[in-house]
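One file, data19.txt, carrying compact mmCIF, N, CA and C atoms:
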# COMPACT_ATOMS: atom_id res chain seq x y z
N MET A 7 3.15 3.41 -24.58
CA MET A 7 4.38 2.77 -24.17
C MET A 7 4.39 1.35 -24.73
N VAL A 8 5.50 0.97 -25.29
CA VAL A 8 5.68 -0.38 -25.81
C VAL A 8 6.96 -0.95 -25.19
N THR A 9 6.87 -2.19 -24.74
CA THR A 9 8.04 -2.83 -24.15
C THR A 9 7.97 -4.34 -24.36
N TRP A 10 9.12 -4.96 -24.36
CA TRP A 10 9.19 -6.42 -24.46
C TRP A 10 9.50 -7.04 -23.11
N TYR A 11 9.64 -6.21 -22.09
CA TYR A 11 9.95 -6.70 -20.75
C TYR A 11 8.82 -7.60 -20.27
N ASP A 12 9.14 -8.81 -19.82
CA ASP A 12 8.10 -9.78 -19.48
C ASP A 12 7.33 -9.44 -18.21
N ARG A 13 7.80 -8.52 -17.42
CA ARG A 13 7.07 -8.10 -16.22
C ARG A 13 6.49 -6.69 -16.37
N ALA A 14 6.35 -6.22 -17.58
CA ALA A 14 5.88 -4.84 -17.82
C ALA A 14 4.51 -4.61 -17.20
N TYR A 15 3.61 -5.57 -17.27
CA TYR A 15 2.28 -5.39 -16.70
C TYR A 15 2.35 -5.27 -15.19
N GLN A 16 3.32 -5.94 -14.57
CA GLN A 16 3.48 -5.85 -13.12
C GLN A 16 4.09 -4.49 -12.73
N VAL A 17 5.03 -4.01 -13.52
CA VAL A 17 5.61 -2.69 -13.27
C VAL A 17 4.52 -1.63 -13.41
N LEU A 18 3.66 -1.79 -14.42
CA LEU A 18 2.56 -0.85 -14.61
C LEU A 18 1.63 -0.85 -13.39
N ALA A 19 1.27 -2.02 -12.88
CA ALA A 19 0.42 -2.11 -11.69
C ALA A 19 1.09 -1.43 -10.50
N HIS A 20 2.39 -1.64 -10.33
CA HIS A 20 3.14 -1.01 -9.24
C HIS A 20 3.07 0.52 -9.36
N GLU A 21 3.34 1.03 -10.55
CA GLU A 21 3.34 2.48 -10.76
C GLU A 21 1.94 3.07 -10.62
N LEU A 22 0.92 2.33 -11.05
CA LEU A 22 -0.46 2.79 -10.86
C LEU A 22 -0.83 2.79 -9.38
N GLY A 23 -0.22 1.90 -8.61
CA GLY A 23 -0.42 1.90 -7.16
C GLY A 23 -0.03 3.23 -6.55
N HIS A 24 1.05 3.83 -7.07
CA HIS A 24 1.46 5.17 -6.63
C HIS A 24 0.43 6.21 -7.07
N SER A 25 0.13 6.20 -8.36
CA SER A 25 -0.68 7.26 -8.96
C SER A 25 -2.13 7.25 -8.52
N PHE A 26 -2.75 6.08 -8.54
CA PHE A 26 -4.18 6.00 -8.26
C PHE A 26 -4.52 5.86 -6.79
N PHE A 27 -3.68 5.16 -6.03
CA PHE A 27 -4.07 4.80 -4.67
C PHE A 27 -3.17 5.38 -3.58
N GLY A 28 -2.14 6.13 -3.96
CA GLY A 28 -1.26 6.76 -2.97
C GLY A 28 -0.39 5.78 -2.22
N LEU A 29 -0.12 4.63 -2.81
CA LEU A 29 0.73 3.63 -2.15
C LEU A 29 2.20 4.03 -2.30
N SER A 30 2.95 3.84 -1.24
CA SER A 30 4.38 4.14 -1.27
C SER A 30 5.16 2.88 -1.60
N ASP A 31 6.38 3.06 -2.07
CA ASP A 31 7.28 1.93 -2.22
C ASP A 31 7.52 1.32 -0.85
N GLU A 32 7.61 0.00 -0.80
CA GLU A 32 7.85 -0.69 0.47
C GLU A 32 9.27 -1.23 0.57
N TYR A 33 10.08 -0.98 -0.43
CA TYR A 33 11.48 -1.38 -0.33
C TYR A 33 12.27 -0.26 0.31
N GLU A 34 13.46 -0.59 0.80
CA GLU A 34 14.29 0.41 1.46
C GLU A 34 14.79 1.40 0.43
N LEU A 35 14.61 2.68 0.71
CA LEU A 35 14.96 3.72 -0.24
C LEU A 35 16.24 4.43 0.18
N GLU A 36 16.87 5.04 -0.80
CA GLU A 36 18.07 5.81 -0.54
C GLU A 36 17.72 7.06 0.27
N ALA A 37 18.66 7.54 1.03
CA ALA A 37 18.43 8.72 1.88
C ALA A 37 18.07 9.95 1.07
N ASN A 38 18.55 10.04 -0.17
CA ASN A 38 18.29 11.23 -0.97
C ASN A 38 17.04 11.09 -1.85
N PHE A 39 16.26 10.06 -1.67
CA PHE A 39 15.03 9.89 -2.44
C PHE A 39 14.11 11.08 -2.19
N GLY A 40 13.56 11.64 -3.24
CA GLY A 40 12.74 12.84 -3.10
C GLY A 40 11.26 12.58 -2.91
N GLY A 41 10.86 11.38 -2.63
CA GLY A 41 9.44 11.04 -2.50
C GLY A 41 8.84 11.46 -1.18
N ILE A 42 7.62 11.04 -0.96
CA ILE A 42 6.86 11.40 0.25
C ILE A 42 7.53 10.78 1.47
N SER A 43 7.60 11.55 2.54
CA SER A 43 8.14 11.07 3.80
C SER A 43 7.06 11.14 4.86
N GLY A 44 7.09 10.24 5.81
CA GLY A 44 6.11 10.23 6.88
C GLY A 44 4.97 9.29 6.57
N THR A 45 4.41 8.70 7.60
CA THR A 45 3.40 7.67 7.38
C THR A 45 1.99 8.21 7.21
N ASP A 46 1.72 9.43 7.65
CA ASP A 46 0.37 9.99 7.49
C ASP A 46 0.06 10.29 6.04
N ALA A 47 1.08 10.55 5.25
CA ALA A 47 0.88 10.96 3.86
C ALA A 47 0.65 9.79 2.92
N VAL A 48 0.93 8.58 3.35
CA VAL A 48 0.76 7.42 2.47
C VAL A 48 -0.11 6.37 3.15
N ALA A 49 -0.85 5.65 2.34
CA ALA A 49 -1.82 4.70 2.88
C ALA A 49 -1.20 3.41 3.39
N ASN A 50 -0.13 2.93 2.76
CA ASN A 50 0.38 1.60 3.08
C ASN A 50 1.59 1.58 4.00
N LEU A 51 1.94 2.71 4.60
CA LEU A 51 2.99 2.75 5.61
C LEU A 51 2.39 3.30 6.89
N ASP A 52 2.89 2.83 8.03
CA ASP A 52 2.32 3.25 9.31
C ASP A 52 3.40 3.31 10.36
N ASN A 53 3.01 3.71 11.55
CA ASN A 53 3.89 3.72 12.71
C ASN A 53 3.88 2.33 13.35
N LYS A 54 4.61 2.16 14.44
CA LYS A 54 4.83 0.82 14.99
C LYS A 54 3.58 0.10 15.46
N ASP A 55 2.48 0.79 15.69
CA ASP A 55 1.25 0.10 16.11
C ASP A 55 0.46 -0.46 14.92
N CYS A 56 0.79 0.00 13.71
CA CYS A 56 0.12 -0.46 12.48
C CYS A 56 -1.40 -0.38 12.59
N SER A 57 -1.90 0.70 13.15
CA SER A 57 -3.34 0.85 13.38
C SER A 57 -4.15 0.88 12.09
N LYS A 58 -3.51 1.16 10.96
CA LYS A 58 -4.25 1.21 9.70
C LYS A 58 -4.76 -0.16 9.26
N TRP A 59 -4.12 -1.23 9.75
CA TRP A 59 -4.55 -2.56 9.31
C TRP A 59 -4.51 -3.62 10.42
N THR A 60 -4.55 -3.22 11.68
CA THR A 60 -4.53 -4.20 12.77
C THR A 60 -5.70 -5.17 12.66
N ASP A 61 -6.84 -4.72 12.16
CA ASP A 61 -8.00 -5.59 12.04
C ASP A 61 -7.79 -6.72 11.03
N LEU A 62 -6.82 -6.59 10.14
CA LEU A 62 -6.53 -7.64 9.15
C LEU A 62 -5.52 -8.66 9.65
N MET A 63 -4.82 -8.35 10.73
CA MET A 63 -3.72 -9.21 11.18
C MET A 63 -4.16 -10.58 11.67
N ASP A 64 -5.34 -10.70 12.19
CA ASP A 64 -5.77 -12.00 12.73
C ASP A 64 -6.73 -12.73 11.80
N LYS A 65 -6.74 -12.39 10.53
CA LYS A 65 -7.67 -12.99 9.59
C LYS A 65 -7.00 -14.00 8.65
N ASN A 66 -5.79 -14.42 8.94
CA ASN A 66 -5.08 -15.40 8.12
C ASN A 66 -4.86 -14.92 6.68
N LEU A 67 -4.54 -13.65 6.53
CA LEU A 67 -4.34 -13.05 5.21
C LEU A 67 -2.88 -12.73 4.93
N GLY A 68 -1.98 -13.13 5.82
CA GLY A 68 -0.57 -12.83 5.64
C GLY A 68 -0.22 -11.39 5.98
N VAL A 69 -1.07 -10.73 6.75
CA VAL A 69 -0.84 -9.33 7.12
C VAL A 69 -0.16 -9.29 8.48
N SER A 70 0.89 -8.51 8.56
CA SER A 70 1.63 -8.36 9.81
C SER A 70 2.01 -6.89 9.98
N CYS A 71 2.89 -6.62 10.89
CA CYS A 71 3.37 -5.26 11.13
C CYS A 71 4.89 -5.32 11.12
N GLU A 72 5.49 -5.18 9.93
CA GLU A 72 6.93 -5.30 9.76
C GLU A 72 7.59 -3.94 9.64
N SER A 73 8.73 -3.79 10.26
CA SER A 73 9.45 -2.52 10.19
C SER A 73 10.57 -2.58 9.16
N GLY A 74 11.11 -1.40 8.88
CA GLY A 74 12.30 -1.30 8.06
C GLY A 74 12.07 -1.16 6.58
N HIS A 75 10.92 -0.70 6.18
CA HIS A 75 10.65 -0.56 4.75
C HIS A 75 10.12 0.83 4.44
N GLY A 76 10.29 1.24 3.19
CA GLY A 76 9.85 2.56 2.78
C GLY A 76 10.77 3.63 3.32
N LYS A 77 10.49 4.86 2.93
CA LYS A 77 11.32 5.97 3.38
C LYS A 77 11.20 6.13 4.88
N GLY A 78 12.30 6.24 5.56
CA GLY A 78 12.31 6.38 7.00
C GLY A 78 12.13 5.07 7.74
N LYS A 79 12.26 3.96 7.02
CA LYS A 79 12.13 2.62 7.62
C LYS A 79 10.84 2.49 8.42
N ALA A 80 9.74 2.84 7.80
CA ALA A 80 8.43 2.78 8.43
C ALA A 80 7.95 1.33 8.52
N TYR A 81 6.75 1.15 9.03
CA TYR A 81 6.14 -0.17 9.16
C TYR A 81 5.19 -0.39 7.99
N PHE A 82 5.10 -1.64 7.54
CA PHE A 82 4.19 -1.96 6.46
C PHE A 82 3.50 -3.28 6.77
N ALA A 83 2.52 -3.64 5.96
CA ALA A 83 1.58 -4.69 6.33
C ALA A 83 2.02 -6.12 6.04
N SER A 84 2.94 -6.33 5.16
CA SER A 84 3.25 -7.70 4.79
C SER A 84 4.67 -7.80 4.25
N GLY A 85 5.24 -8.97 4.37
CA GLY A 85 6.59 -9.19 3.87
C GLY A 85 6.70 -9.21 2.37
N LYS A 86 5.64 -9.60 1.69
CA LYS A 86 5.69 -9.71 0.24
C LYS A 86 4.49 -9.02 -0.39
N THR A 87 4.74 -7.86 -1.00
CA THR A 87 3.69 -7.17 -1.76
C THR A 87 4.31 -6.61 -3.03
N PHE A 88 3.47 -6.28 -3.98
CA PHE A 88 3.95 -5.76 -5.26
C PHE A 88 4.54 -4.36 -5.13
N MET A 89 4.33 -3.68 -4.00
CA MET A 89 4.96 -2.38 -3.79
C MET A 89 6.39 -2.55 -3.26
N ASN A 90 6.77 -3.79 -2.96
CA ASN A 90 8.14 -4.11 -2.57
C ASN A 90 8.88 -4.71 -3.77
N ALA A 91 8.27 -5.67 -4.42
CA ALA A 91 8.84 -6.31 -5.61
C ALA A 91 7.68 -6.67 -6.54
N VAL A 92 7.77 -6.27 -7.80
CA VAL A 92 6.62 -6.43 -8.71
C VAL A 92 6.20 -7.87 -8.93
N LYS A 93 7.06 -8.82 -8.65
CA LYS A 93 6.70 -10.23 -8.84
C LYS A 93 5.85 -10.77 -7.69
N ASP A 94 5.78 -10.02 -6.58
CA ASP A 94 5.05 -10.47 -5.39
C ASP A 94 3.56 -10.17 -5.51
N PRO A 95 2.75 -10.79 -4.64
CA PRO A 95 1.30 -10.56 -4.69
C PRO A 95 0.95 -9.13 -4.30
N PHE A 96 -0.27 -8.74 -4.59
CA PHE A 96 -0.77 -7.39 -4.31
C PHE A 96 -0.73 -7.11 -2.81
N GLY A 97 -1.13 -8.05 -2.00
CA GLY A 97 -1.14 -7.89 -0.54
C GLY A 97 -2.51 -7.45 -0.05
N ALA A 98 -2.99 -8.08 1.01
CA ALA A 98 -4.35 -7.83 1.50
C ALA A 98 -4.57 -6.38 1.91
N ALA A 99 -3.62 -5.78 2.61
CA ALA A 99 -3.80 -4.39 3.04
C ALA A 99 -3.82 -3.46 1.83
N ASN A 100 -2.92 -3.68 0.87
CA ASN A 100 -2.91 -2.85 -0.33
C ASN A 100 -4.19 -3.05 -1.14
N GLU A 101 -4.70 -4.26 -1.15
CA GLU A 101 -5.96 -4.52 -1.87
C GLU A 101 -7.11 -3.75 -1.22
N ARG A 102 -7.17 -3.75 0.10
CA ARG A 102 -8.24 -3.01 0.76
C ARG A 102 -8.09 -1.51 0.54
N ILE A 103 -6.87 -1.00 0.63
CA ILE A 103 -6.63 0.43 0.39
C ILE A 103 -7.10 0.81 -1.01
N SER A 104 -6.74 0.00 -2.00
CA SER A 104 -7.12 0.27 -3.39
C SER A 104 -8.63 0.18 -3.58
N SER A 105 -9.24 -0.85 -3.00
CA SER A 105 -10.68 -1.02 -3.12
C SER A 105 -11.42 0.14 -2.47
N ALA A 106 -10.97 0.55 -1.29
CA ALA A 106 -11.61 1.66 -0.59
C ALA A 106 -11.47 2.95 -1.38
N SER A 107 -10.30 3.13 -1.99
CA SER A 107 -10.08 4.33 -2.80
C SER A 107 -11.00 4.34 -4.01
N MET A 108 -11.13 3.20 -4.68
CA MET A 108 -12.02 3.12 -5.84
C MET A 108 -13.47 3.32 -5.42
N LEU A 109 -13.87 2.74 -4.28
CA LEU A 109 -15.23 2.89 -3.79
C LEU A 109 -15.52 4.36 -3.47
N SER A 110 -14.61 5.01 -2.78
CA SER A 110 -14.85 6.41 -2.42
C SER A 110 -14.87 7.29 -3.66
N SER A 111 -14.08 6.96 -4.67
CA SER A 111 -14.08 7.74 -5.92
C SER A 111 -15.39 7.55 -6.67
N SER A 112 -15.91 6.33 -6.66
CA SER A 112 -17.13 6.05 -7.43
C SER A 112 -18.37 6.68 -6.81
N ILE A 113 -18.35 6.92 -5.49
CA ILE A 113 -19.51 7.53 -4.85
C ILE A 113 -19.26 9.00 -4.51
N GLY A 114 -18.09 9.50 -4.92
CA GLY A 114 -17.78 10.91 -4.76
C GLY A 114 -17.45 11.35 -3.35
N VAL A 115 -16.93 10.45 -2.54
CA VAL A 115 -16.56 10.77 -1.17
C VAL A 115 -15.05 10.67 -1.05
N THR A 116 -14.44 11.66 -0.44
CA THR A 116 -12.99 11.63 -0.23
C THR A 116 -12.68 10.70 0.93
N CYS A 117 -11.74 9.81 0.71
CA CYS A 117 -11.35 8.85 1.75
C CYS A 117 -9.85 8.94 1.94
N PRO A 118 -9.38 9.76 2.90
CA PRO A 118 -7.94 9.88 3.10
C PRO A 118 -7.33 8.57 3.58
N PRO A 119 -6.02 8.38 3.36
CA PRO A 119 -5.37 7.12 3.76
C PRO A 119 -5.60 6.72 5.20
N THR A 120 -5.67 7.68 6.10
CA THR A 120 -5.84 7.34 7.51
C THR A 120 -7.27 6.93 7.84
N ALA A 121 -8.19 7.10 6.91
CA ALA A 121 -9.59 6.74 7.15
C ALA A 121 -9.98 5.45 6.43
N GLN A 122 -9.01 4.69 5.97
CA GLN A 122 -9.30 3.47 5.23
C GLN A 122 -10.12 2.49 6.05
N ASN A 123 -9.92 2.45 7.37
CA ASN A 123 -10.67 1.51 8.20
C ASN A 123 -12.15 1.79 8.18
N SER A 124 -12.56 3.02 7.84
CA SER A 124 -13.99 3.34 7.85
C SER A 124 -14.74 2.62 6.75
N VAL A 125 -14.05 2.14 5.72
CA VAL A 125 -14.72 1.43 4.64
C VAL A 125 -14.31 -0.04 4.62
N LYS A 126 -13.73 -0.53 5.71
CA LYS A 126 -13.25 -1.91 5.72
C LYS A 126 -14.38 -2.91 5.56
N ALA A 127 -15.56 -2.59 5.98
CA ALA A 127 -16.69 -3.51 5.85
C ALA A 127 -16.99 -3.82 4.40
N ALA A 128 -16.70 -2.88 3.52
CA ALA A 128 -16.94 -3.10 2.10
C ALA A 128 -15.96 -4.11 1.51
N TRP A 129 -14.82 -4.26 2.17
CA TRP A 129 -13.79 -5.17 1.65
C TRP A 129 -13.86 -6.55 2.27
N ILE A 130 -14.14 -6.62 3.57
CA ILE A 130 -14.10 -7.91 4.28
C ILE A 130 -15.42 -8.62 4.19

When written as structure tokens, how does the structure in this file appear?
Amino acid sequence: MVTWYDRAYQVLAHELGHSFFGLSDEYELEANFGGISGTDAVANLDNKDCSKWTDLMDKNLGVSCESGHGKGKAYFASGKTFMNAVKDPFGAANERISSASMLSSSIGVTCPPTAQNSVKAAWI
């Protein structure tokens, strides 16, 4: 792929977030979007308790529990992440999800999105 778009590397990182780490888009999607629905199927969306990343909320990392994003207006970890807009930062929760996924891949252990907290010690 060749492009002159000045944010191409950021778009690539966003798209790899889907492919490699199972991250969902965090922007509001159209009702007819054919992507994954439900929070159990994706690592970076959760229900209103945000149990996937509550341990990160009090660490001064900009992690919160915000509603109204992704398919079905689910909850996500931060107001500004690259899964919402490619110009934004990666986001602490997305970074941990990605790191845990890479760690589990490198040691040959399957780490489903809902089990990300089990490898949090490797990230924090």

Open item on the list: For a test of reading the model, state the distance in Å between atom C of A:Leu22 and atom CA of A:Asp55, rounded to one decimal.
Closed with: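 Calculated distance between atom C of A:Leu22 and atom CA of A:Asp55 is 25.7 Å.
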
Task: Top pick for closest residue to A:Ala91, considering A:Phe26, A:Tyr33, A:Trp10, A:Tyr15 and counting only C-alpha atoms - done: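 Going through A:Phe26, A:Tyr33, A:Trp10, A:Tyr15 one by one, the smallest distance to A:Ala91 is for A:Tyr33.
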
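Ranking A:Asn50, A:Ser25, A:Ser84, A:Gln16 by their shortest atom-to-atom distance to A:Arg102, with only C-alpha atoms included, puts A:Asn50 first.
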
- [ ] For atom N of A:Lys93 and atom N of A:Val17, quote the distance in Å rounded to one decimal.
- [x] 7.1 Å

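Pairwise distance (atom N of A:Thr60, atom C of A:Leu18) equals 25.9 Å.
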
Open item on the list: At a cut-off of 7 Å, using only N, CA and C atoms, what residues contact A:Lys86? Leave out same-chain residues fewer than 4 positions from it and give the result as a PyMOL selection string.
Closed with: chain A and resi 90-91+94-97

- [ ] Have a look at A:Lys65, A:Ala99, A:Ser30, A:Val92 and name the one nearest to A:Ala80; count only C-alpha atoms.
- [x]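 Using only C-alpha atoms, the shortest distance to A:Ala80 belongs to A:Ser30.
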
TODO: May I ask which of the residues A:Glu101, A:Ser110, A:Ser73, A:Asn53 is the closest one to A:Met89, counting only C-alpha atoms?
DONE: A:Glu101
